[in-house]
$ cat structure-v8.tsv   # TSV, C-alpha atoms
chain	number	residue	atom	x	y	z
A	1	MET	CA	-24.99	11.42	-18.49
A	2	ARG	CA	-22.92	13.77	-20.65
A	3	ARG	CA	-20.20	11.14	-20.93
A	4	TYR	CA	-22.79	8.52	-21.87
A	5	ALA	CA	-24.30	10.88	-24.48
A	6	ARG	CA	-20.88	11.32	-26.11
A	7	THR	CA	-21.16	7.74	-27.39
A	8	VAL	CA	-23.88	8.94	-29.80
A	9	LYS	CA	-22.44	9.27	-33.31
A	10	PRO	CA	-23.30	12.21	-35.60
A	11	ASP	CA	-26.08	10.21	-37.28
A	12	GLY	CA	-27.58	9.18	-33.91
A	13	GLY	CA	-26.20	5.65	-33.71
A	14	THR	CA	-24.38	4.07	-30.80
A	15	GLU	CA	-24.26	0.28	-30.88
A	16	ALA	CA	-26.23	-2.62	-32.37
A	17	LEU	CA	-29.93	-1.70	-32.21
A	18	GLY	CA	-30.75	-3.74	-29.08
A	19	TYR	CA	-27.94	-2.07	-27.15
A	20	HIS	CA	-28.90	1.26	-28.69
A	21	ALA	CA	-32.47	0.97	-27.33
A	22	GLY	CA	-31.00	0.18	-23.90
A	23	ILE	CA	-28.77	3.26	-24.03
A	24	ILE	CA	-31.79	5.44	-24.91
A	25	VAL	CA	-33.71	4.02	-21.92
A	26	SER	CA	-30.68	4.59	-19.68
A	27	LEU	CA	-30.48	8.23	-20.77
A	28	THR	CA	-34.21	8.98	-20.51
A	29	ARG	CA	-35.66	6.95	-17.60
A	30	PRO	CA	-33.76	8.90	-14.88
A	31	GLN	CA	-34.93	12.21	-16.41
A	32	GLN	CA	-38.55	11.01	-16.38
A	33	LEU	CA	-38.25	9.88	-12.75
A	34	LEU	CA	-36.67	13.17	-11.68
A	35	ARG	CA	-39.44	15.13	-13.38
A	36	ALA	CA	-42.15	12.91	-11.84
A	37	ASN	CA	-40.71	13.74	-8.41
A	38	ASN	CA	-40.56	17.50	-9.07
A	39	ARG	CA	-36.77	17.50	-9.30
A	40	PRO	CA	-34.67	19.36	-11.85
A	41	GLY	CA	-33.52	17.18	-14.70
A	42	TYR	CA	-30.48	17.14	-16.93
A	43	VAL	CA	-31.78	17.24	-20.51
A	44	ASP	CA	-31.51	21.03	-20.65
A	45	ASP	CA	-27.82	20.52	-21.39
A	46	PRO	CA	-27.77	21.30	-25.17
A	47	HIS	CA	-25.20	18.62	-26.07
A	48	LEU	CA	-27.01	15.93	-24.12
A	49	ARG	CA	-30.40	16.94	-25.55
A	50	ASP	CA	-29.07	16.96	-29.13
A	51	SER	CA	-27.37	13.57	-28.71
A	52	LEU	CA	-30.48	12.08	-27.17
A	53	ARG	CA	-32.73	13.46	-29.94
A	54	ARG	CA	-30.45	12.02	-32.66
A	55	GLY	CA	-30.37	8.64	-30.93
A	56	VAL	CA	-34.14	8.46	-30.43
A	57	ARG	CA	-34.84	9.49	-34.02
A	58	LEU	CA	-32.46	6.87	-35.43
A	59	LEU	CA	-34.33	4.21	-33.46
A	60	ALA	CA	-37.69	5.60	-34.65
A	61	ASN	CA	-36.53	5.58	-38.26
A	62	MET	CA	-35.22	2.00	-38.03
A	63	THR	CA	-38.45	0.67	-36.51
A	64	MET	CA	-40.43	-1.64	-38.80
A	65	PRO	CA	-44.18	-1.17	-39.39
A	66	ASN	CA	-44.95	-3.90	-36.83
A	67	GLY	CA	-43.15	-1.94	-34.09
A	68	GLN	CA	-39.92	-3.98	-33.95
A	69	PHE	CA	-36.41	-3.09	-34.99
A	70	PRO	CA	-34.62	-5.44	-37.39
A	71	ALA	CA	-32.22	-8.22	-36.41
A	72	ILE	CA	-28.92	-6.91	-37.73
A	73	GLY	CA	-25.42	-7.90	-36.66
A	74	ASP	CA	-25.48	-9.70	-33.34
A	75	GLY	CA	-28.93	-8.38	-32.54
A	76	ARG	CA	-32.34	-9.92	-32.62
A	77	TYR	CA	-35.70	-8.50	-33.54
A	78	GLY	CA	-36.51	-6.22	-30.67
A	79	ASN	CA	-39.13	-3.92	-29.25
A	80	PRO	CA	-38.06	-0.25	-29.13
A	81	VAL	CA	-41.38	1.04	-27.77
A	82	GLU	CA	-40.15	1.80	-24.23
A	83	ALA	CA	-37.12	3.72	-25.54
A	84	LEU	CA	-39.24	5.62	-28.08
A	85	TYR	CA	-41.93	6.39	-25.50
A	86	LEU	CA	-39.39	7.73	-23.00
A	87	GLY	CA	-37.61	9.72	-25.71
A	88	ALA	CA	-40.85	11.27	-27.00
A	89	ASP	CA	-41.95	12.11	-23.46
A	90	VAL	CA	-38.66	13.54	-22.17
A	91	LEU	CA	-37.89	15.49	-25.36
A	92	GLN	CA	-41.53	16.37	-26.17
A	93	ASP	CA	-40.70	15.11	-29.67
A	94	ALA	CA	-43.66	15.34	-32.07
A	95	GLU	CA	-41.94	13.23	-34.75
A	96	VAL	CA	-41.24	10.30	-32.42
A	97	LYS	CA	-44.77	10.51	-30.97
A	98	GLY	CA	-46.07	10.29	-34.54
A	99	THR	CA	-44.05	7.10	-35.07
A	100	LEU	CA	-45.37	5.63	-31.82
A	101	THR	CA	-48.94	6.58	-32.70
A	102	ARG	CA	-48.62	4.70	-35.99
A	103	ILE	CA	-47.18	1.66	-34.19
A	104	GLY	CA	-49.88	1.80	-31.49
A	105	ARG	CA	-52.72	1.88	-34.01
A	106	TYR	CA	-51.14	-1.01	-35.92
A	107	GLN	CA	-50.74	-3.10	-32.75
A	108	ILE	CA	-54.31	-2.40	-31.58
A	109	GLU	CA	-55.73	-3.35	-34.98
A	110	LYS	CA	-53.52	-6.42	-35.58
A	111	ALA	CA	-52.90	-7.76	-32.06
A	112	ASN	CA	-55.85	-6.23	-30.16
A	113	GLY	CA	-53.56	-4.31	-27.84
A	114	PHE	CA	-50.60	-1.97	-27.52
A	115	HIS	CA	-48.47	-2.15	-24.40
A	116	VAL	CA	-45.98	0.45	-23.22
A	117	SER	CA	-43.93	-0.30	-20.11
A	118	GLY	CA	-45.37	1.66	-17.17
A	119	LEU	CA	-48.77	2.21	-18.81
A	120	ASP	CA	-51.92	0.14	-19.08
A	121	THR	CA	-52.37	-1.85	-22.28
A	122	PHE	CA	-54.41	0.09	-24.82
A	123	THR	CA	-57.11	-1.95	-26.57
A	124	ALA	CA	-59.12	0.81	-28.30
A	125	VAL	CA	-57.64	3.32	-30.74
A	126	SER	CA	-59.83	6.14	-29.40
A	127	ASP	CA	-58.65	5.54	-25.79
A	128	PHE	CA	-55.05	5.27	-26.98
A	129	GLU	CA	-55.21	8.56	-28.91
A	130	GLN	CA	-56.73	10.41	-25.93
A	131	ARG	CA	-54.40	9.14	-23.20
A	132	PHE	CA	-51.07	8.42	-24.92
A	133	LEU	CA	-48.51	11.16	-24.17
A	134	PRO	CA	-51.22	13.85	-23.86
A	135	LYS	CA	-48.72	16.69	-23.26
A	136	THR	CA	-46.58	15.84	-26.30
A	137	PRO	CA	-47.71	17.17	-29.68
A	138	ALA	CA	-47.90	14.62	-32.50
A	139	GLN	CA	-46.62	15.03	-36.01
A	140	LYS	CA	-48.29	12.81	-38.60
A	141	TRP	CA	-45.93	10.00	-39.51
A	142	ARG	CA	-44.74	9.88	-43.09
A	143	PRO	CA	-42.62	7.12	-44.59
A	144	ALA	CA	-39.06	8.27	-45.14
A	145	SER	CA	-35.97	6.49	-46.32
A	146	SER	CA	-32.91	7.23	-44.19
A	147	LEU	CA	-29.16	6.73	-44.40
A	148	PHE	CA	-27.13	6.36	-41.21
A	149	PRO	CA	-23.52	6.22	-42.46
A	150	ASP	CA	-21.86	6.30	-39.02
A	151	GLN	CA	-24.03	3.43	-37.82
A	152	GLY	CA	-23.72	1.53	-41.12
A	153	LEU	CA	-27.47	1.26	-41.70
A	154	THR	CA	-29.95	2.34	-44.36
A	155	VAL	CA	-33.71	1.98	-44.36
A	156	LEU	CA	-35.84	2.29	-47.50
A	157	ARG	CA	-39.61	2.78	-47.11
A	158	ASP	CA	-42.63	3.08	-49.34
A	159	GLY	CA	-46.34	3.17	-48.47
A	160	ASP	CA	-48.52	5.44	-46.38
A	161	SER	CA	-49.75	3.08	-43.68
A	162	PRO	CA	-48.35	0.04	-41.88
A	163	ALA	CA	-50.77	-2.18	-43.79
A	164	ASP	CA	-49.29	-1.22	-47.17
A	165	GLU	CA	-45.76	-0.22	-46.20
A	166	VAL	CA	-42.73	-1.93	-47.69
A	167	TYR	CA	-39.64	-1.64	-45.48
A	168	LEU	CA	-36.11	-2.67	-46.33
A	169	ALA	CA	-33.22	-2.30	-43.87
A	170	ILE	CA	-29.68	-2.78	-45.12
A	171	SER	CA	-26.55	-3.23	-43.02
A	172	HIS	CA	-23.50	-1.85	-44.83
A	173	GLY	CA	-21.02	-1.57	-42.01
A	174	THR	CA	-19.84	-2.99	-38.72
A	175	TYR	CA	-19.79	-0.21	-36.18
A	176	GLY	CA	-19.96	-0.38	-32.43
A	177	HIS	CA	-20.84	-3.69	-30.83
A	178	SER	CA	-21.99	-5.73	-33.79
A	179	HIS	CA	-20.80	-8.71	-35.71
A	180	PRO	CA	-19.73	-8.36	-39.33
A	181	VAL	CA	-22.91	-8.78	-41.36
A	182	LEU	CA	-22.17	-6.70	-44.41
A	183	LEU	CA	-25.14	-6.26	-46.70
A	184	GLY	CA	-27.46	-8.04	-44.30
A	185	VAL	CA	-31.04	-7.17	-45.23
A	186	THR	CA	-34.40	-7.21	-43.49
A	187	LEU	CA	-37.52	-6.97	-45.64
A	188	PHE	CA	-40.97	-6.29	-44.16
A	189	ALA	CA	-44.01	-6.13	-46.41
$ encode --input "structure-v8.tsv" --output "structure tokens"
Amino acid sequence: MRRYARTVKPDGGTEALGYHAGIIVSLTRPQQLLRANNRPGYVDDPHLRDSLRRGVRLLANMTMPNGQFPAIGDGRYGNPVEALYLGADVLQDAEVKGTLTRIGRYQIEKANGFHVSGLDTFTAVSDFEQRFLPKTPAQKWRPASSLFPDQGLTVLRDGDSPADEVYLAISHGTYGHSHPVLLGVTLFA
């Protein structure tokens, strides 16, 4: 796991976003299973924990208001919810839980349901807020623009809720496993 975590760049990136979400799941799912079976885990290693936190937060910051990450490079629009859920749970990360709470409310209101792998589908906001990651504190989500120079990505955001948020992702590099799509953009409004 330490060797795997070394692939995380200083800004939290690893590979194209679809692969990145898979790496986050690969680093967090075993920890969750160990903990569920009353076994000691491995995220107490400071380097691993720091790498994992940076990787999860990059994915949270790159997630669009509708709960997908943008199709950049050789990727496709993808669903980061499982990776974000596992990251928030394993790390007890209030910021990532805040991002997921915003996505969950949006999905329940727009699509009448929010599904997280391994959990029942939530169809009511009140039920979702009571049962979703009850042991993890939540930090209110606030739109923030972010630059990820090592990953070659920037996201610009404006608006206080998914309904009025404007999101612009810009690819300005080809790092890791991605195809050269310089200045590729994804706009969500």
$ atom_distance --input "structure-v8.tsv" --atom1 "CA of Ser51 (chain A)" --atom2 "CA of Asp158 (chain A)"
27.7 Å
$ closest_atom_pairs --input "structure-v8.tsv" --of "region 31-106 of chain A" --to "region 164-172 of chain A" --cutoff "12 Å" --atoms "all atoms listed in the file" --output "CSV"
residue,atom,partner,partner_atom,distance
A:Asn61,CA,A:Ala169,CA,10.2
A:Met62,CA,A:Ala169,CA,7.5
A:Thr63,CA,A:Tyr167,CA,9.3
A:Met64,CA,A:Tyr167,CA,6.7
A:Pro65,CA,A:Glu165,CA,7.1
A:Asn66,CA,A:Glu165,CA,10.1
A:Gly67,CA,A:Tyr167,CA,11.9
A:Gln68,CA,A:Tyr167,CA,11.8
A:Phe69,CA,A:Ala169,CA,9.5
A:Pro70,CA,A:Ala169,CA,7.3
A:Ala71,CA,A:Ala169,CA,9.6
A:Ile72,CA,A:Ser171,CA,6.9
A:Gly73,CA,A:Ser171,CA,8.0
A:Asp74,CA,A:Ser171,CA,11.7
A:Gly75,CA,A:Ser171,CA,11.9
A:Arg102,CA,A:Glu165,CA,11.7
A:Tyr106,CA,A:Asp164,CA,11.4
$ atom_distance --input "structure-v8.tsv" --atom1 "CA of Pro137 (chain A)" --atom2 "CA of Ala94 (chain A)"
5.0 Å
$ closest_residue --input "structure-v8.tsv" --among "A:Thr14, A:Thr7, A:Gln139, A:Gln130" --to "Gly152 (chain A)" --atoms "all atoms listed in the file"
A:Thr14
$ atom_distance --input "structure-v8.tsv" --atom1 "CA of Asp160 (chain A)" --atom2 "CA of Gly104 (chain A)"
15.4 Å
$ residues_around --input "structure-v8.tsv" --residues "Leu86 (chain A)" --least-positions-apart "6" --cutoff "8 Å" --atoms "all atoms listed in the file" --output "list in words"
Val25, Thr28, Arg29 and Gln32 of chain A
$ closest_residue --input "structure-v8.tsv" --among "A:Lys97, A:Val43, A:Ser117, A:Asn79" --to "Glu129 (chain A)" --atoms "only C-alpha atoms"
A:Lys97
$ closest_residue --input "structure-v8.tsv" --among "A:Glu15, A:Glu109, A:Glu95, A:Asp45" --to "Ala144 (chain A)" --atoms "all atoms listed in the file"
A:Glu95
$ residues_around --input "structure-v8.tsv" --residues "Arg57 (chain A)" --least-positions-apart "2" --cutoff "10 Å" --atoms "all atoms listed in the file" --output "compact mmCIF listing (two decimals) with C-alpha atoms, in the frame of the given file"
# COMPACT_ATOMS: atom_id res chain seq x y z
CA ASP A 11 -26.08 10.21 -37.28
CA GLY A 12 -27.58 9.18 -33.91
CA GLY A 13 -26.20 5.65 -33.71
CA LEU A 52 -30.48 12.08 -27.17
CA ARG A 53 -32.73 13.46 -29.94
CA ARG A 54 -30.45 12.02 -32.66
CA GLY A 55 -30.37 8.64 -30.93
CA LEU A 59 -34.33 4.21 -33.46
CA ALA A 60 -37.69 5.60 -34.65
CA ASN A 61 -36.53 5.58 -38.26
CA MET A 62 -35.22 2.00 -38.03
CA THR A 63 -38.45 0.67 -36.51
CA LEU A 84 -39.24 5.62 -28.08
CA GLY A 87 -37.61 9.72 -25.71
CA ALA A 88 -40.85 11.27 -27.00
CA ASP A 93 -40.70 15.11 -29.67
CA GLU A 95 -41.94 13.23 -34.75
CA VAL A 96 -41.24 10.30 -32.42
CA THR A 99 -44.05 7.10 -35.07
$ axis_aligned_box --input "structure-v8.tsv" --around "region 43-57 of chain A" --padding-each-side "8 Å" --output "lines of an AutoDock Vina configuration file"
center_x = -30.0
center_y = 14.9
center_z = -27.3
size_x = 25.6
size_y = 28.8
size_z = 29.5
$ residues_near_point --input "structure-v8.tsv" --point "(-25.9, 7.3, -25.5)" --cutoff "7 Å" --atoms "all atoms listed in the file" --output "list of chain:residue names"
A:Tyr4, A:Ala5, A:Arg6, A:Thr7, A:Val8, A:Thr14, A:Ile23, A:Ile24, A:Leu27, A:Leu52
$ build_atoms --input "structure-v8.tsv" --residues "region 110-126 of chain A" --atoms "N, CA and C atoms" --output "CSV table (one decimal), in the frame of the given file"
chain,number,residue,atom,x,y,z
A,110,LYS,N,-54.0,-5.1,-35.2
A,110,LYS,CA,-53.5,-6.4,-35.6
A,110,LYS,C,-53.5,-7.4,-34.4
A,111,ALA,N,-53.1,-6.9,-33.2
A,111,ALA,CA,-52.9,-7.8,-32.1
A,111,ALA,C,-53.9,-7.5,-30.9
A,112,ASN,N,-54.8,-6.6,-31.2
A,112,ASN,CA,-55.8,-6.2,-30.2
A,112,ASN,C,-55.3,-5.6,-28.9
A,113,GLY,N,-54.1,-5.0,-29.0
A,113,GLY,CA,-53.6,-4.3,-27.8
A,113,GLY,C,-52.2,-3.7,-28.1
A,114,PHE,N,-51.9,-2.6,-27.4
A,114,PHE,CA,-50.6,-2.0,-27.5
A,114,PHE,C,-50.1,-1.7,-26.1
A,115,HIS,N,-49.0,-2.3,-25.8
A,115,HIS,CA,-48.5,-2.2,-24.4
A,115,HIS,C,-47.2,-1.3,-24.4
A,116,VAL,N,-47.2,-0.4,-23.5
A,116,VAL,CA,-46.0,0.4,-23.2
A,116,VAL,C,-45.6,0.3,-21.8
A,117,SER,N,-44.4,-0.1,-21.5
A,117,SER,CA,-43.9,-0.3,-20.1
A,117,SER,C,-44.3,0.9,-19.2
A,118,GLY,N,-45.0,0.6,-18.1
A,118,GLY,CA,-45.4,1.7,-17.2
A,118,GLY,C,-46.8,2.2,-17.4
A,119,LEU,N,-47.4,1.8,-18.5
A,119,LEU,CA,-48.8,2.2,-18.8
A,119,LEU,C,-49.7,1.0,-18.9
A,120,ASP,N,-51.0,1.2,-18.8
A,120,ASP,CA,-51.9,0.1,-19.1
A,120,ASP,C,-51.9,-0.2,-20.6
A,121,THR,N,-52.3,-1.4,-20.9
A,121,THR,CA,-52.4,-1.8,-22.3
A,121,THR,C,-53.6,-1.2,-22.9
A,122,PHE,N,-53.3,-0.6,-24.1
A,122,PHE,CA,-54.4,0.1,-24.8
A,122,PHE,C,-55.1,-0.9,-25.7
A,123,THR,N,-56.4,-1.0,-25.7
A,123,THR,CA,-57.1,-2.0,-26.6
A,123,THR,C,-58.1,-1.3,-27.6
A,124,ALA,N,-58.3,0.0,-27.4
A,124,ALA,CA,-59.1,0.8,-28.3
A,124,ALA,C,-58.3,2.0,-28.8
A,125,VAL,N,-58.4,2.2,-30.1
A,125,VAL,CA,-57.6,3.3,-30.7
A,125,VAL,C,-58.1,4.7,-30.2
A,126,SER,N,-59.4,4.9,-29.9
A,126,SER,CA,-59.8,6.1,-29.4
A,126,SER,C,-59.3,6.4,-28.0
